[in-house]
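So the structure is just underneath, and the comments pick up after that.
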Amino acid sequence: MNNFVFYSPTEFVFGKATEMQVGALARKHGARKVMIVYGGGSVVRSGLLDRVKQSLREAGIEYCLMGGVQPNPVDTKVYEGIEFCRREQADMLLPVGGGSVIDTAKAIAAGVLYEGDFWDFYIGKAKVTKALKVAVVLTIPAAGSEGSGNTVITKLDGLQKLSLRVPEVLRPVFSIMNPELTYTLPPFQTACGVADMMAHIMERYFTNTQEVEIGDRLCEGTLMAIINEAPKAMRNPEDYGARANLMWAGMIAHNGTCGVGCEEDWASHFLEHEISAIYGVTHGAGLSVIFPAWMTWMVEHNVGKIAQYAVRVWGVPESEDKKAVALEGIGKLKAFFSSLALPVTFKELGIEDPDIDRLADSLHRNKGELVGNYVKLTKQDSKEIYRLACAGE
C-alpha cells in the first residue's frame with residue numbers, strides 16, 4: 001500500500017425531508033448569501049426548489065438563482081456563473097441537482113476568486129488554492145460529486161472535456177442526500193447513474209498496487225451492493241431502501257475511500273470523456289460501453305485483477321485459465337448492464353460509425369502520449385479499445 005493523505009470534511013445529512021435543513025446548515029457553515037445553481041425544470045416542477053428557498057428564508061439567508069445547467073456541463077455556463085456570483089456577492093454555491101450542476105458550481109466557486117480564466121485550472125496552467133464554499137442538495141446518485149473534490153467541464157471551443165481534482169479545496173462543506181428525491185428519475189437516468197458509480201469504483205479497483213486488501217474488499221462489497229440494489233430500484237422506483245443504498249453507494253464510490261493507498265487508473269473515464277464531448281451522449285451510458293471494452297483489451301495485457309474481479313464480484317469459479325475466468329466476468333458485467341437497458345456497444349449507444357481516429361487523437365492530445373496506469377495506453381491501444389466497443393467483444 002502506498003502512502004496517502006485522505007481528507008474528507010463534508011458533513012453528510014442523509015434521509016427523508018432533509019432538504020428542509022439546508023437553511024440551518026448554510027447558516028452553520030457561515031453563509032451570508034447563497035447562489036443556487038440548478039439545471040432544467042424538474043427541481044422547479046417537483047417543488048424542491050421552493051422548499052430549498054423556503055428553508056433559506058427561514059434561516060435568514062439571502063439567495064440568488066442561476067438555472068439552465070445542461071448535462072455534460074460547458075464552460076460558457078461557468079463564465080456566466082462567475083460573473084453573476086461576483087455581481088450578487090454570494091459567498092456560498094448551492095447546486096441543487098446531480099453531477100453536472102455540482103461540477104458547474106465547483107468551477108464557479110474556484111473561478112470567482114481567480115483573476116484569470118478559470119479554464120487555466122483544468123489545463124494545469126494554474127492551481128486552485130482557494131474557492132468559495134460549495135454545498136449540495138443531491139437529486140441524482142451517479143457522479144459522486146457530492147462527496148468529492150472533483151469537477152468535469154467541457155470547453156465548447158474544441159470540445160475539450162477535462163477534469164479537475166482539488167479535494168483539499170472543492171469538497172462540499174455539506175451535502176443533503178434525500179433518497180425520496182430520486183423516486184421520479186427516469187429508468188435510463190437511474191441506470192446511467194449505476195454505471196457511473198460502478199465505473200468510479202472500478203477505476204480504483206484495477207490497480208497494480210500490491211497489498212491493498214482493504215481497498216479491494218471495499219470496492220468489491222460496494223459493487224456487489226449496487227448489483228443487488230439496482231434491479232430493485234428499476235422495478236419499484238419508490239423502493240426507499242434500494243434508493244437509499246444506491247445514493248450512499250454513489251458517494252462512497254467517488255469520495256476516495258475505495259482508492260486510498262493505491263495508484264488509480266482512470267483510462268476508461270478519459271476514453272469516455274471524448275465520446276460524450278464529441279457525440280453528446282450521457283456519461284454513464286458511454287461508460288457502460290467503454291468499460292467492458294477496456295477490460296476485454298486488458299485480458300491480453302494484464303489479466304490478474306480482471307480475473308480476481310470476476311471471481312470475487314460475479315462469483316465466477318476460479319481456474320488456472322485466468323483469461324477465461326476474466327472473460328466470463330466481463331460477460332456477466334455486460335449482461336448486467338443490458339438488463340438495465342444500458343448500451344454495451346457504440347451502435348446501441350446510437351453511434352453507428354464512430355470516428356475512432358478523431359476520438360483517439362483528441363484523447364491523447366488532452367491527456368498525453370500515455371493514458372491510464374493499469375496498463376499505460378498508447379494511441380494505438382486506445383484505438384483498439386474503441387474498436388472493441390464497436391464490436392461489443
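We label chains A, B, ... in the order they appear in the C-alpha cells, count residues from 1 in each chain, and number ligands from 1 in the order shown.
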Fewer than 3 positions away in the same chain doesn't count, so skip those; otherwise give me all residues within 8 Å of A:Val166, counting only C-alpha atoms, as a PDB file with C-alpha atoms, in the first residue's frame.
```
ATOM      1  CA  VAL A 128      -6.798  26.185  -7.178  1.00  0.00           C
ATOM      2  CA  GLY A 149     -13.316  17.485  -4.779  1.00  0.00           C
ATOM      3  CA  ASN A 150     -13.609  16.715  -8.487  1.00  0.00           C
ATOM      4  CA  VAL A 169     -10.494  22.935  -1.576  1.00  0.00           C
ATOM      5  CA  LEU A 170     -13.527  21.798  -3.593  1.00  0.00           C
ATOM      6  CA  ARG A 171     -15.136  19.113  -1.439  1.00  0.00           C
TER       7      ARG A 171
END
```
Contacts of stretch 258-273 of chain A within 7 Å, only C-alpha atoms, excl. fewer than 3 positions in-chain, as a CSV table (one decimal) with N, CA and C atoms, in the first residue's frame:
```csv
chain,number,residue,atom,x,y,z
A,1,MET,N,0.8,-1.2,0.0
A,1,MET,CA,0.0,0.0,0.0
A,1,MET,C,0.9,1.2,0.0
A,2,ASN,N,0.5,2.2,-0.8
A,2,ASN,CA,1.3,3.5,-0.9
A,2,ASN,C,0.9,4.4,0.2
A,3,ASN,N,1.8,5.4,0.5
A,3,ASN,CA,1.5,6.5,1.4
A,3,ASN,C,0.3,7.2,0.9
A,4,PHE,N,-0.5,7.8,1.7
A,4,PHE,CA,-1.6,8.6,1.3
A,4,PHE,C,-2.1,9.6,2.3
A,161,LYS,N,-13.1,18.1,-23.1
A,161,LYS,CA,-13.7,17.7,-21.8
A,161,LYS,C,-12.6,17.3,-20.8
A,201,ILE,N,-15.8,3.1,-9.0
A,201,ILE,CA,-15.2,2.1,-8.1
A,201,ILE,C,-14.1,1.3,-8.9
A,203,GLU,N,-12.4,2.1,-11.5
A,203,GLU,CA,-11.2,2.9,-11.8
A,203,GLU,C,-10.1,2.8,-10.7
A,204,ARG,N,-10.6,2.6,-9.5
A,204,ARG,CA,-9.7,2.4,-8.3
A,204,ARG,C,-9.3,1.0,-8.1
A,206,PHE,N,-8.9,-1.5,-10.3
A,206,PHE,CA,-8.0,-2.1,-11.3
A,206,PHE,C,-6.7,-1.3,-11.1
A,207,THR,N,-5.8,-1.8,-10.2
A,207,THR,CA,-4.6,-1.1,-9.9
A,207,THR,C,-3.5,-2.2,-9.8
A,209,THR,N,-1.0,-1.7,-7.6
A,209,THR,CA,-0.5,-1.5,-6.3
A,209,THR,C,-0.8,-2.8,-5.5
A,212,VAL,N,-3.4,-4.0,-1.0
A,212,VAL,CA,-4.5,-3.1,-0.8
A,212,VAL,C,-5.8,-3.9,-0.5
A,215,GLY,N,-8.9,-1.8,0.5
A,215,GLY,CA,-9.4,-1.2,-0.7
A,215,GLY,C,-10.2,-2.1,-1.6
A,218,LEU,N,-13.5,-3.2,0.0
A,218,LEU,CA,-14.4,-2.1,0.0
A,218,LEU,C,-15.0,-2.0,-1.4
A,219,CYS,N,-14.2,-2.0,-2.4
A,219,CYS,CA,-14.6,-2.0,-3.8
A,219,CYS,C,-15.6,-3.1,-4.1
A,253,ALA,N,-18.5,5.6,-3.8
A,253,ALA,CA,-17.7,5.2,-5.0
A,253,ALA,C,-16.7,6.3,-5.4
A,276,SER,N,-18.5,11.5,-25.0
A,276,SER,CA,-19.6,12.4,-24.6
A,276,SER,C,-19.3,13.8,-25.0
A,277,ALA,N,-18.0,14.2,-25.1
A,277,ALA,CA,-17.7,15.6,-25.6
A,277,ALA,C,-18.1,15.7,-27.0
A,286,GLY,N,-22.1,6.0,-21.9
A,286,GLY,CA,-20.8,5.9,-22.5
A,286,GLY,C,-19.9,4.9,-21.8
A,287,LEU,N,-19.9,5.0,-20.4
A,287,LEU,CA,-19.1,4.1,-19.6
A,287,LEU,C,-19.5,2.7,-19.7
A,290,ILE,N,-17.7,1.6,-22.8
A,290,ILE,CA,-16.2,1.6,-22.8
A,290,ILE,C,-15.6,0.7,-21.8
A,291,PHE,N,-16.2,0.6,-20.6
A,291,PHE,CA,-15.5,-0.2,-19.5
A,291,PHE,C,-15.4,-1.6,-19.9
A,294,TRP,N,-12.6,-1.9,-22.4
A,294,TRP,CA,-11.3,-1.7,-21.8
A,294,TRP,C,-10.8,-3.0,-21.1
A,363,LEU,N,-8.2,12.3,-27.4
A,363,LEU,CA,-7.8,11.8,-26.1
A,363,LEU,C,-6.3,12.0,-25.8
A,371,VAL,N,-1.9,7.0,-21.5
A,371,VAL,CA,-3.1,7.3,-20.7
A,371,VAL,C,-3.4,6.1,-19.8
A,372,GLY,N,-3.7,6.4,-18.5
A,372,GLY,CA,-4.1,5.4,-17.6
A,372,GLY,C,-2.8,4.8,-16.9
A,373,ASN,N,-3.1,3.9,-15.9
A,373,ASN,CA,-2.0,3.3,-15.1
A,373,ASN,C,-2.0,1.8,-15.1
A,374,TYR,N,-3.1,1.2,-15.1
A,374,TYR,CA,-3.2,-0.3,-15.0
A,374,TYR,C,-2.3,-0.9,-16.1
```
> Got a sec to tell me which of stretch 44-161 of chain A DSSP assigns to strand (DSSP E or B), as a list in words?
Replying inline: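 After running DSSP on the backbone, stretch 44-161 of chain A has strand (DSSP E or B) at Glu62, Tyr63, Cys64, Leu65, Met66, Val74, Met92, Leu93, Leu94, Pro95, Val96, Gly97, Lys133, Val134, Ala135, Val136, Val137, Leu138, Asn150, Thr151, Val152, Ile153, Thr154, Lys155, Gln160 and Lys161 of chain A.
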> Of the candidates A:Gly99, A:Pro179, A:Gly111, A:Gly280, which shows the shortest atom-to-atom distance to A:Tyr240, using only C-alpha atoms?
Replying inline: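 For A:Tyr240, the nearest of the given residues is A:Pro179.
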> With distances taken over only C-alpha atoms, which of A:Val136, A:Leu65, A:Ala293, A:Met20 is nearest to A:Ile385?
Replying inline: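 Selected residue with least distance to A:Ile385: A:Ala293.
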> Near A:Pro95, within 7 Å and counting only C-alpha atoms, which residues show up once chain neighbours fewer than 3 positions away are dropped, as number ranges by chain?
Replying inline: A: 36-38, 101-102, 105, 135-137
Print the selection's residues with all heavy atoms to a file, as a CSV table (one decimal), in the first residue's frame.
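Listing of selection-v6.csv after writing:
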```
chain,number,residue,atom,x,y,z
A,36,ILE,N,-27.9,29.7,-5.7
A,36,ILE,CA,-28.5,28.4,-6.0
A,36,ILE,C,-28.2,28.1,-7.5
A,36,ILE,O,-28.6,28.9,-8.4
A,36,ILE,CB,-30.0,28.3,-5.7
A,36,ILE,CG1,-30.2,28.6,-4.2
A,36,ILE,CG2,-30.6,27.0,-6.1
A,36,ILE,CD1,-31.7,28.8,-3.9
A,37,VAL,N,-27.7,27.0,-7.8
A,37,VAL,CA,-27.4,26.6,-9.2
A,37,VAL,C,-28.2,25.3,-9.5
A,37,VAL,O,-28.2,24.4,-8.7
A,37,VAL,CB,-25.9,26.3,-9.4
A,37,VAL,CG1,-25.6,25.9,-10.9
A,37,VAL,CG2,-25.0,27.5,-9.0
A,38,TYR,N,-28.9,25.3,-10.6
A,38,TYR,CA,-29.7,24.1,-10.9
A,38,TYR,C,-29.8,24.0,-12.5
A,38,TYR,O,-29.3,24.8,-13.2
A,38,TYR,CB,-31.1,24.2,-10.3
A,38,TYR,CG,-32.0,25.4,-10.8
A,38,TYR,CD1,-33.0,25.2,-11.8
A,38,TYR,CD2,-31.8,26.7,-10.3
A,38,TYR,CE1,-33.7,26.3,-12.2
A,38,TYR,CE2,-32.6,27.8,-10.7
A,38,TYR,CZ,-33.5,27.6,-11.7
A,38,TYR,OH,-34.3,28.6,-12.1
A,101,VAL,N,-24.7,19.8,-12.4
A,101,VAL,CA,-24.9,21.0,-11.7
A,101,VAL,C,-23.9,21.3,-10.6
A,101,VAL,O,-23.4,22.4,-10.4
A,101,VAL,CB,-26.3,21.0,-11.0
A,101,VAL,CG1,-26.6,22.2,-10.1
A,101,VAL,CG2,-27.4,20.9,-12.1
A,102,ILE,N,-23.5,20.2,-9.9
A,102,ILE,CA,-22.5,20.3,-8.9
A,102,ILE,C,-21.1,20.7,-9.5
A,102,ILE,O,-20.4,21.5,-8.9
A,102,ILE,CB,-22.4,19.0,-8.1
A,102,ILE,CG1,-23.7,18.6,-7.5
A,102,ILE,CG2,-21.3,19.1,-6.9
A,102,ILE,CD1,-23.8,17.2,-6.9
A,105,ALA,N,-21.1,24.3,-10.4
A,105,ALA,CA,-21.0,25.1,-9.2
A,105,ALA,C,-19.5,25.1,-8.6
A,105,ALA,O,-19.0,26.2,-8.2
A,105,ALA,CB,-21.9,24.6,-8.1
A,135,ALA,N,-22.0,23.8,-1.2
A,135,ALA,CA,-22.8,22.8,-0.5
A,135,ALA,C,-23.8,22.2,-1.5
A,135,ALA,O,-23.9,22.8,-2.6
A,135,ALA,CB,-23.6,23.5,0.6
A,136,VAL,N,-24.4,21.1,-1.2
A,136,VAL,CA,-25.1,20.3,-2.2
A,136,VAL,C,-26.5,19.8,-1.7
A,136,VAL,O,-26.6,19.4,-0.6
A,136,VAL,CB,-24.3,19.1,-2.7
A,136,VAL,CG1,-25.1,18.2,-3.6
A,136,VAL,CG2,-23.0,19.5,-3.4
A,137,VAL,N,-27.5,19.9,-2.6
A,137,VAL,CA,-28.7,19.2,-2.4
A,137,VAL,C,-28.8,18.2,-3.6
A,137,VAL,O,-29.0,18.6,-4.7
A,137,VAL,CB,-30.0,20.1,-2.4
A,137,VAL,CG1,-31.2,19.2,-2.2
A,137,VAL,CG2,-29.9,21.1,-1.2
```
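Restricting the calculation to only C-alpha atoms, the smallest distance between A:Asp239 and any of A:Gly368, A:Leu93, A:Thr184, A:Gly350 is found for A:Thr184.
Nearest-residue note for A:Lys334: choosing from A:Cys390, A:Ile306, A:Cys85, A:Ala195, the minimum distance belongs to A:Ala195, counting only C-alpha atoms.
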> Quick one: of A:Tyr205, A:Trp248, A:Tyr79, A:Phe118, who's nearest to A:Ala143, counting only C-alpha atoms?
Replying inline: A:Trp248
> How many Å lie between atom CA of A:Gly250 and atom CA of A:Val311, rounded to one decimal?
Replying inline: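 Atom-to-atom, atom CA of A:Gly250 and atom CA of A:Val311 are spaced 23.0 Å apart.
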> Skipping near chain neighbours, those fewer than 3 positions away, what residues fall within 12 Å of A:Ala126 using only C-alpha atoms, listed as a list in words?
Replying inline: Ala110, Gly111, Tyr114, Glu115, Gly116, Asp117, Phe118, Trp119, Asp120, Phe121, Tyr122, Ile123, Thr129, Lys130, Leu164 and Val166 of chain A
Residues of the last selection are to be written out with C-alpha atoms, as an mmCIF file, in the first residue's frame.
```cif
data_model
loop_
_atom_site.group_PDB
_atom_site.id
_atom_site.type_symbol
_atom_site.label_atom_id
_atom_site.label_comp_id
_atom_site.auth_asym_id
_atom_site.auth_seq_id
_atom_site.Cartn_x
_atom_site.Cartn_y
_atom_site.Cartn_z
ATOM 1 C CA ALA A 110 -12.961 28.302 -7.963
ATOM 2 C CA GLY A 111 -13.247 30.873 -10.714
ATOM 3 C CA TYR A 114 -9.273 33.880 -9.501
ATOM 4 C CA GLU A 115 -8.255 36.865 -11.619
ATOM 5 C CA GLY A 116 -7.532 34.799 -14.720
ATOM 6 C CA ASP A 117 -9.533 32.376 -16.851
ATOM 7 C CA PHE A 118 -10.987 29.532 -14.745
ATOM 8 C CA TRP A 119 -10.041 27.138 -17.578
ATOM 9 C CA ASP A 120 -6.417 27.643 -16.514
ATOM 10 C CA PHE A 121 -7.148 25.237 -13.649
ATOM 11 C CA TYR A 122 -8.332 22.475 -15.988
ATOM 12 C CA ILE A 123 -5.351 22.665 -18.336
ATOM 13 C CA THR A 129 -5.666 27.373 -3.760
ATOM 14 C CA LYS A 130 -8.918 28.963 -2.590
ATOM 15 C CA LEU A 164 -10.074 18.964 -12.153
ATOM 16 C CA VAL A 166 -8.821 19.556 -5.769
#
```
> What gap, in Å, lies between atom CA of A:Gln189 and atom CA of A:Pro343?
Replying inline: 12.7 Å
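Every protein or nucleic acid residue with an atom no more than 12 Å from A:Ala326, counting only C-alpha atoms and leaving out same-chain residues fewer than 6 positions away, appears here: Pro292, Met295, Thr296, Trp297, Met298, Val299, Glu300, His301, Asn302, Val303, Gly304, Lys305, Ile306, Ala307, Gln308, Tyr309, Ala310, Val311, Arg312, Val313, Trp314, Gly315, Val316, Pro317, Glu318, Ser319, Glu320, Lys332 and Leu333 of chain A.
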Restricting the output to N, CA and C atoms, write the selected residues as a short mmCIF file (atom, residue, chain, number, x, y, z; two decimals), in the first residue's frame.
```cif
data_model
loop_
_atom_site.label_atom_id
_atom_site.label_comp_id
_atom_site.auth_asym_id
_atom_site.auth_seq_id
_atom_site.Cartn_x
_atom_site.Cartn_y
_atom_site.Cartn_z
N PRO A 292 -16.42 -2.32 -20.38
CA PRO A 292 -16.21 -3.72 -20.78
C PRO A 292 -15.20 -3.88 -21.91
N MET A 295 -11.78 -3.60 -20.35
CA MET A 295 -11.47 -4.83 -19.62
C MET A 295 -11.12 -5.97 -20.58
N THR A 296 -11.84 -6.05 -21.68
CA THR A 296 -11.56 -7.10 -22.66
C THR A 296 -10.16 -6.95 -23.23
N TRP A 297 -9.75 -5.72 -23.52
CA TRP A 297 -8.38 -5.48 -24.00
C TRP A 297 -7.37 -5.89 -22.93
N MET A 298 -7.69 -5.62 -21.68
CA MET A 298 -6.78 -5.92 -20.59
C MET A 298 -6.58 -7.42 -20.36
N VAL A 299 -7.54 -8.22 -20.78
CA VAL A 299 -7.39 -9.68 -20.63
C VAL A 299 -6.10 -10.16 -21.29
N GLU A 300 -5.72 -9.54 -22.39
CA GLU A 300 -4.50 -9.94 -23.10
C GLU A 300 -3.25 -9.19 -22.63
N HIS A 301 -3.42 -8.22 -21.72
CA HIS A 301 -2.28 -7.37 -21.37
C HIS A 301 -1.99 -7.30 -19.88
N ASN A 302 -2.99 -7.52 -19.03
CA ASN A 302 -2.78 -7.51 -17.57
C ASN A 302 -4.00 -8.13 -16.93
N VAL A 303 -4.08 -9.45 -16.98
CA VAL A 303 -5.33 -10.15 -16.67
C VAL A 303 -5.60 -10.30 -15.18
N GLY A 304 -4.56 -10.20 -14.33
CA GLY A 304 -4.68 -10.62 -12.94
C GLY A 304 -5.86 -10.05 -12.18
N LYS A 305 -5.97 -8.72 -12.14
CA LYS A 305 -7.04 -8.10 -11.35
C LYS A 305 -8.41 -8.27 -12.02
N ILE A 306 -8.42 -8.41 -13.34
CA ILE A 306 -9.68 -8.64 -14.06
C ILE A 306 -10.26 -10.00 -13.64
N ALA A 307 -9.38 -11.00 -13.54
CA ALA A 307 -9.82 -12.34 -13.12
C ALA A 307 -10.29 -12.32 -11.67
N GLN A 308 -9.55 -11.62 -10.80
CA GLN A 308 -9.95 -11.52 -9.39
C GLN A 308 -11.33 -10.88 -9.27
N TYR A 309 -11.57 -9.84 -10.06
CA TYR A 309 -12.87 -9.17 -10.09
C TYR A 309 -13.98 -10.15 -10.48
N ALA A 310 -13.71 -10.96 -11.50
CA ALA A 310 -14.71 -11.92 -11.97
C ALA A 310 -15.09 -12.91 -10.87
N VAL A 311 -14.07 -13.36 -10.15
CA VAL A 311 -14.31 -14.35 -9.09
C VAL A 311 -15.01 -13.72 -7.89
N ARG A 312 -14.49 -12.61 -7.42
CA ARG A 312 -14.98 -12.04 -6.16
C ARG A 312 -16.30 -11.28 -6.31
N VAL A 313 -16.50 -10.60 -7.44
CA VAL A 313 -17.72 -9.79 -7.61
C VAL A 313 -18.83 -10.59 -8.28
N TRP A 314 -18.48 -11.38 -9.30
CA TRP A 314 -19.51 -12.07 -10.08
C TRP A 314 -19.62 -13.56 -9.78
N GLY A 315 -18.77 -14.06 -8.89
CA GLY A 315 -18.88 -15.45 -8.49
C GLY A 315 -18.44 -16.45 -9.54
N VAL A 316 -17.59 -16.03 -10.48
CA VAL A 316 -17.07 -16.96 -11.47
C VAL A 316 -16.12 -17.94 -10.77
N PRO A 317 -16.25 -19.24 -11.00
CA PRO A 317 -15.36 -20.21 -10.35
C PRO A 317 -13.90 -19.96 -10.72
N GLU A 318 -13.02 -20.09 -9.76
CA GLU A 318 -11.59 -19.92 -10.02
C GLU A 318 -11.08 -21.03 -10.93
N SER A 319 -10.07 -20.70 -11.72
CA SER A 319 -9.50 -21.66 -12.67
C SER A 319 -8.07 -21.23 -12.98
N GLU A 320 -7.27 -22.16 -13.42
CA GLU A 320 -5.92 -21.81 -13.84
C GLU A 320 -5.93 -20.96 -15.12
N LYS A 332 -20.59 -11.25 -17.66
CA LYS A 332 -21.61 -11.02 -16.63
C LYS A 332 -21.84 -9.53 -16.41
N LEU A 333 -20.78 -8.73 -16.48
CA LEU A 333 -20.94 -7.29 -16.34
C LEU A 333 -21.79 -6.74 -17.49
#
```
> Smallest atom-to-atom distance to A:Glu58: which of A:Gly30, A:Gly40, A:Gly23, A:Gly97, using only C-alpha atoms?
Replying inline: A:Gly23
>> Rounded to one decimal, what separation in Å do you get between atom CA of A:Met251 and atom CA of A:Leu185?
In response: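 Rounded to one decimal, the two atoms are 17.5 Å apart.
The neighbours of A:Ser100 here are the residues that come within 6 Å of it, using only C-alpha atoms and leaving out any residue fewer than 2 positions away in the same chain; they are Pro71, Pro73, Gly98, Ile102 and Asp103 of chain A.
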For those residues, write all heavy atoms to a file as a short mmCIF file (atom, residue, chain, number, x, y, z; two decimals), in the first residue's frame.
```cif
data_model
loop_
_atom_site.label_atom_id
_atom_site.label_comp_id
_atom_site.auth_asym_id
_atom_site.auth_seq_id
_atom_site.Cartn_x
_atom_site.Cartn_y
_atom_site.Cartn_z
N PRO A 71 -26.72 18.79 -19.12
CA PRO A 71 -25.87 17.60 -18.95
C PRO A 71 -24.57 17.79 -19.73
O PRO A 71 -24.55 18.51 -20.74
CB PRO A 71 -26.73 16.48 -19.55
CG PRO A 71 -28.14 16.99 -19.48
CD PRO A 71 -28.05 18.47 -19.67
N PRO A 73 -21.74 19.43 -18.62
CA PRO A 73 -21.72 20.89 -18.44
C PRO A 73 -20.59 21.56 -19.19
O PRO A 73 -19.51 21.00 -19.36
CB PRO A 73 -21.55 21.05 -16.93
CG PRO A 73 -20.91 19.77 -16.47
CD PRO A 73 -21.49 18.71 -17.35
N GLY A 98 -27.79 17.06 -9.89
CA GLY A 98 -26.83 15.97 -9.99
C GLY A 98 -25.44 16.47 -10.33
O GLY A 98 -25.10 17.63 -10.12
N ILE A 102 -23.48 20.18 -9.92
CA ILE A 102 -22.47 20.29 -8.87
C ILE A 102 -21.11 20.66 -9.47
O ILE A 102 -20.40 21.52 -8.94
CB ILE A 102 -22.37 18.97 -8.07
CG1 ILE A 102 -23.73 18.59 -7.47
CG2 ILE A 102 -21.33 19.10 -6.94
CD1 ILE A 102 -23.78 17.18 -6.89
N ASP A 103 -20.76 20.02 -10.57
CA ASP A 103 -19.47 20.31 -11.20
C ASP A 103 -19.40 21.75 -11.68
O ASP A 103 -18.36 22.42 -11.58
CB ASP A 103 -19.23 19.35 -12.37
CG ASP A 103 -18.85 17.96 -11.91
OD1 ASP A 103 -18.89 17.70 -10.69
OD2 ASP A 103 -18.51 17.12 -12.76
#
```
> Residues of stretch 232-326 of chain A in helix (DSSP H, G or I) according to DSSP, as a PyMOL selection string?
Replying inline: chain A and resi 232-235+240-252+257-259+267-279+283-299+304-314+322-326
> Could you pull the residues within 9 Å of A:Ala244, counting only C-alpha atoms, minus those fewer than 5 positions along the same chain, as a ChimeraX atom specification?
Replying inline: /A:14-15,177-180,239,249
